[in-house]
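S.K.: Take this structure, written in structure tokens, and hold onto it; I'll ask about it next.
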Amino acid sequence: MRTASEYICALEEARTNTLDLIAVADDEDLRRQVHVDFSPLGWHLGHIGVVESFWLRQQCQGQPSLSPFYDFFFMPTENPKPERVQLPQRAEILTYLHTVRGQTLQFLAQATFDTEHPLLCEGNIFSMLLQHEEQHLETMLVILQLLGATHYQSAHRAEAEVAWGTRIRQLYSLSSQRITEVESSEETAHLSAGTVLIGSDHIGKTLDNERPRHEVRVPAFGIDRWPVTNGEFFHFIETGGYEDPSWWSAEGWQWRQQQEVYHPLYWRKLEGRHWTELDFGQARPLTGEQAVRGVSWYEADAYARWAGKRLPTEEEWEYAATNEGLNGIGQVWEWTATWFHPYPGFRAHPYDGYSVPYFDQQHRVLRGGSWVTQPHVRRPTFRNWYHPEVRAIFSGFRCALDVE
């Protein structure tokens, strides 16, 4: 269990990262809705503060709201995405954030975690708020990636560059190159059948959909040691993978035709020549060994079929990640075959709205974390989820196969 001082350090580090990231965007980009699925950058900034104030000031301490207007404007259940562009001024949002954080640190300095209080037990609410900010930090990085792609396209020239792209890489030392974690000459890890433990009972660090820890029977299977790379996915494109419906599910093929998708979201072909990949507004040569990213579940599923394999279930993924060792975890969020669902014995905490609305058989689970995922979110049991058509996030995949 973390101490109060450890939470203070972690919360302050996350806030520094958030403020540094927001500083790279001008006021126009701060309030722009670049994609229908995402709110403006500035809305995420205010939302972080409102959630922190709601749980600590109102729910833990029983004090009134600092701003009923902010509670309305920066809560997703109250304010639809198209209306969120009408943001308060940057300085006003930052002042609100600073006020909330000051109260949080005062409360945290006196808080006790050895209690039966449902929010303070093991410091759970502070862990949740820390992860909440880090999750929104990654979402803001996705929005900046989308903004960079928009700026690049509007420039109509290959050498177009968004200045804050370089600044982002400097701030976070972001790298998407292969990182060798497990040395093995085998491309596929083979795991025997068995009953395995999945999930966690650690209320102080995990979120409700990761709990409780439970047994799952897993058949023998194989799983790629590395995520699928740009070079491998390029071969899928070159052999007509996007034009052949036999590799696609019925829903996936309909989506591909309607959206006219022919390559990963951030790939660009320069005047019929070589492929490049947009990286925060900068066009970089496509690196063959880098994990492919910016692909939907439908594209991942089609590639796996084309390769004679399939996507792993999330249970297989977690079993392999924790027992066998896999290379490349943390380069991209990895699509799995599993629909997001509650574990046996699931209990919503601290409220129904975090996980329950998404147990709808419309969201696929992703595992592992991406190259911009923050440290307190990156763990083998963490479950991310998106609609299968989403490709704007830093999403890729690895393949699995049945073993007789």
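Order determines the names: the first chain of the structure tokens is A, the second B, and so forth; residues in each chain are numbered 1 upward, and ligands are numbered 1 upward as they are shown.
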Could you build a table of the residues in segment 366-396 of chain A lying no more than 12 Å from segment 206-216 of chain A, giving for each the nearest pair of atoms and their separation in Å rounded to one decimal place, using only C-alpha atoms, ordered by chain and ascending residue number, as a tab-separated table?

M.R.:
```
residue	atom	partner	partner_atom	distance
A:Arg367	CA	A:Glu210	CA	11.6
A:His376	CA	A:Thr206	CA	9.5
A:Val377	CA	A:Thr206	CA	8.8
A:Arg378	CA	A:Thr206	CA	10.7
A:Arg379	CA	A:Thr206	CA	9.2
A:Pro380	CA	A:Glu210	CA	10.0
A:Thr381	CA	A:Glu210	CA	6.2
A:Phe382	CA	A:Glu210	CA	6.4
A:Arg383	CA	A:Glu210	CA	6.8
A:Asn384	CA	A:Asn209	CA	9.7
A:Trp385	CA	A:Asn209	CA	10.8
```

S.K.: With only C-alpha atoms counted and 6 Å as the cut-off, give the residues of segment 246-325 of chain A in contact with segment 336-345 of chain A, each with its shortest interatomic distance in Å and the pair that gives it, as a tab-separated table.

M.R.:
```
residue	atom	partner	partner_atom	distance
A:Leu311	CA	A:Ala337	CA	5.4
A:Pro312	CA	A:Thr336	CA	5.3
A:Thr313	CA	A:Ala337	CA	4.8
A:Glu314	CA	A:Thr336	CA	5.6
```

S.K.: Please dump the current selection as a PDB file, in the first residue's frame; keep C-alpha atoms.

M.R.:
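Contents of again.pdb, freshly written:
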```pdb
ATOM      1  CA  LEU A 311      -6.607 -12.872 -32.065  1.00  0.00           C
ATOM      2  CA  PRO A 312      -5.945 -14.099 -28.521  1.00  0.00           C
ATOM      3  CA  THR A 313      -8.603 -13.976 -25.854  1.00  0.00           C
ATOM      4  CA  GLU A 314      -7.827 -11.595 -23.030  1.00  0.00           C
TER       5      GLU A 314
END
```

S.K.: Tell me which of A:Thr188, A:Val100, A:Arg15, A:Asp37 sits closest to Tyr386 of chain A, counting only C-alpha atoms.

M.R.: A:Asp37

S.K.: Each residue of segment 294-336 of chain A with at least one atom at most 7 Å from segment 393-396 of chain A should appear once, together with its nearest atom pair and the corresponding distance in Å (one decimal); atoms considered: only C-alpha atoms; ordering: chain, then increasing residue number; output as a Markdown table.

M.R.:
```
| residue | atom | partner | partner_atom | distance |
| --- | --- | --- | --- | --- |
| A:Gly294 | CA | A:Ser395 | CA | 5.3 |
| A:Val295 | CA | A:Ser395 | CA | 6.0 |
| A:Val332 | CA | A:Ser395 | CA | 5.2 |
| A:Trp333 | CA | A:Ser395 | CA | 4.6 |
| A:Glu334 | CA | A:Gly396 | CA | 5.0 |
| A:Trp335 | CA | A:Gly396 | CA | 6.4 |
```

S.K.: One number please: atom CA of Ser246 of chain A to atom CA of Tyr262 of chain A, in Å, one decimal.

M.R.: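 Rounded to one decimal, the two atoms are 15.4 Å apart.
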
S.K.: List every residue of segment 141-305 of chain A that DSSP, applied to the backbone, labels as strand (DSSP E), and write the result as a tab-separated table (two decimals) with N, CA and C atoms, in the first residue's frame.

M.R.:
```tsv
chain	number	residue	atom	x	y	z
A	188	THR	N	6.95	-17.89	-31.70
A	188	THR	CA	5.68	-18.22	-31.05
A	188	THR	C	5.94	-18.86	-29.70
A	189	ALA	N	5.23	-18.38	-28.68
A	189	ALA	CA	5.28	-19.01	-27.36
A	189	ALA	C	4.14	-20.02	-27.29
A	190	HIS	N	4.45	-21.21	-26.80
A	190	HIS	CA	3.45	-22.28	-26.69
A	190	HIS	C	3.14	-22.52	-25.22
A	191	LEU	N	1.86	-22.44	-24.90
A	191	LEU	CA	1.44	-22.61	-23.51
A	191	LEU	C	0.49	-23.79	-23.41
A	194	GLY	N	-4.58	-25.43	-18.99
A	194	GLY	CA	-4.58	-25.43	-17.54
A	194	GLY	C	-5.59	-24.47	-16.98
A	195	THR	N	-5.77	-24.52	-15.69
A	195	THR	CA	-6.61	-23.57	-14.97
A	195	THR	C	-5.71	-22.47	-14.44
A	196	VAL	N	-5.99	-21.24	-14.83
A	196	VAL	CA	-5.11	-20.13	-14.49
A	196	VAL	C	-5.88	-19.06	-13.74
A	197	LEU	N	-5.15	-18.25	-12.99
A	197	LEU	CA	-5.74	-17.13	-12.25
A	197	LEU	C	-5.64	-15.86	-13.08
A	198	ILE	N	-6.76	-15.18	-13.21
A	198	ILE	CA	-6.85	-13.95	-14.01
A	198	ILE	C	-7.39	-12.83	-13.13
A	214	HIS	N	-9.82	-14.57	-10.31
A	214	HIS	CA	-10.66	-15.76	-10.46
A	214	HIS	C	-9.99	-16.77	-11.37
A	215	GLU	N	-10.45	-18.00	-11.31
A	215	GLU	CA	-9.89	-19.07	-12.12
A	215	GLU	C	-10.58	-19.16	-13.47
A	216	VAL	N	-9.77	-19.43	-14.50
A	216	VAL	CA	-10.28	-19.62	-15.86
A	216	VAL	C	-9.58	-20.82	-16.46
A	217	ARG	N	-10.33	-21.66	-17.13
A	217	ARG	CA	-9.75	-22.80	-17.82
A	217	ARG	C	-9.32	-22.35	-19.21
A	218	VAL	N	-8.04	-22.54	-19.53
A	218	VAL	CA	-7.49	-22.11	-20.81
A	218	VAL	C	-6.96	-23.33	-21.56
A	221	PHE	N	-2.49	-23.27	-26.37
A	221	PHE	CA	-2.51	-22.30	-27.46
A	221	PHE	C	-1.10	-21.78	-27.71
A	222	GLY	N	-0.93	-21.17	-28.84
A	222	GLY	CA	0.31	-20.47	-29.15
A	222	GLY	C	0.02	-18.99	-29.30
A	223	ILE	N	0.99	-18.15	-29.01
A	223	ILE	CA	0.82	-16.71	-29.14
A	223	ILE	C	2.13	-16.09	-29.62
A	224	ASP	N	2.03	-15.12	-30.52
A	224	ASP	CA	3.22	-14.46	-31.04
A	224	ASP	C	4.00	-13.79	-29.92
A	267	TRP	N	-0.74	6.01	-41.68
A	267	TRP	CA	0.16	5.79	-42.81
A	267	TRP	C	-0.19	6.75	-43.94
A	268	ARG	N	0.85	7.22	-44.64
A	268	ARG	CA	0.66	8.05	-45.82
A	268	ARG	C	1.66	7.61	-46.89
A	269	LYS	N	1.21	7.59	-48.13
A	269	LYS	CA	2.09	7.25	-49.24
A	269	LYS	C	2.40	8.54	-49.99
A	275	TRP	N	6.12	4.62	-48.26
A	275	TRP	CA	5.19	4.85	-47.17
A	275	TRP	C	5.88	5.62	-46.03
A	276	THR	N	5.10	6.50	-45.41
A	276	THR	CA	5.54	7.20	-44.21
A	276	THR	C	4.47	7.02	-43.13
A	277	GLU	N	4.82	7.40	-41.91
A	277	GLU	CA	3.85	7.36	-40.82
A	277	GLU	C	3.86	8.70	-40.11
A	278	LEU	N	2.66	9.27	-39.90
A	278	LEU	CA	2.55	10.55	-39.23
A	278	LEU	C	2.75	10.36	-37.73
A	279	ASP	N	3.60	11.18	-37.17
A	279	ASP	CA	3.97	11.10	-35.76
A	279	ASP	C	3.86	12.49	-35.17
A	282	GLN	N	4.44	15.04	-37.92
A	282	GLN	CA	5.65	14.90	-38.71
A	282	GLN	C	5.61	13.58	-39.48
A	283	ALA	N	5.94	13.62	-40.75
A	283	ALA	CA	5.96	12.41	-41.58
A	283	ALA	C	7.33	11.75	-41.45
A	284	ARG	N	7.35	10.53	-40.93
A	284	ARG	CA	8.60	9.81	-40.75
A	284	ARG	C	8.60	8.54	-41.60
A	285	PRO	N	9.76	8.14	-42.10
A	285	PRO	CA	9.80	6.89	-42.88
A	285	PRO	C	9.24	5.73	-42.07
```
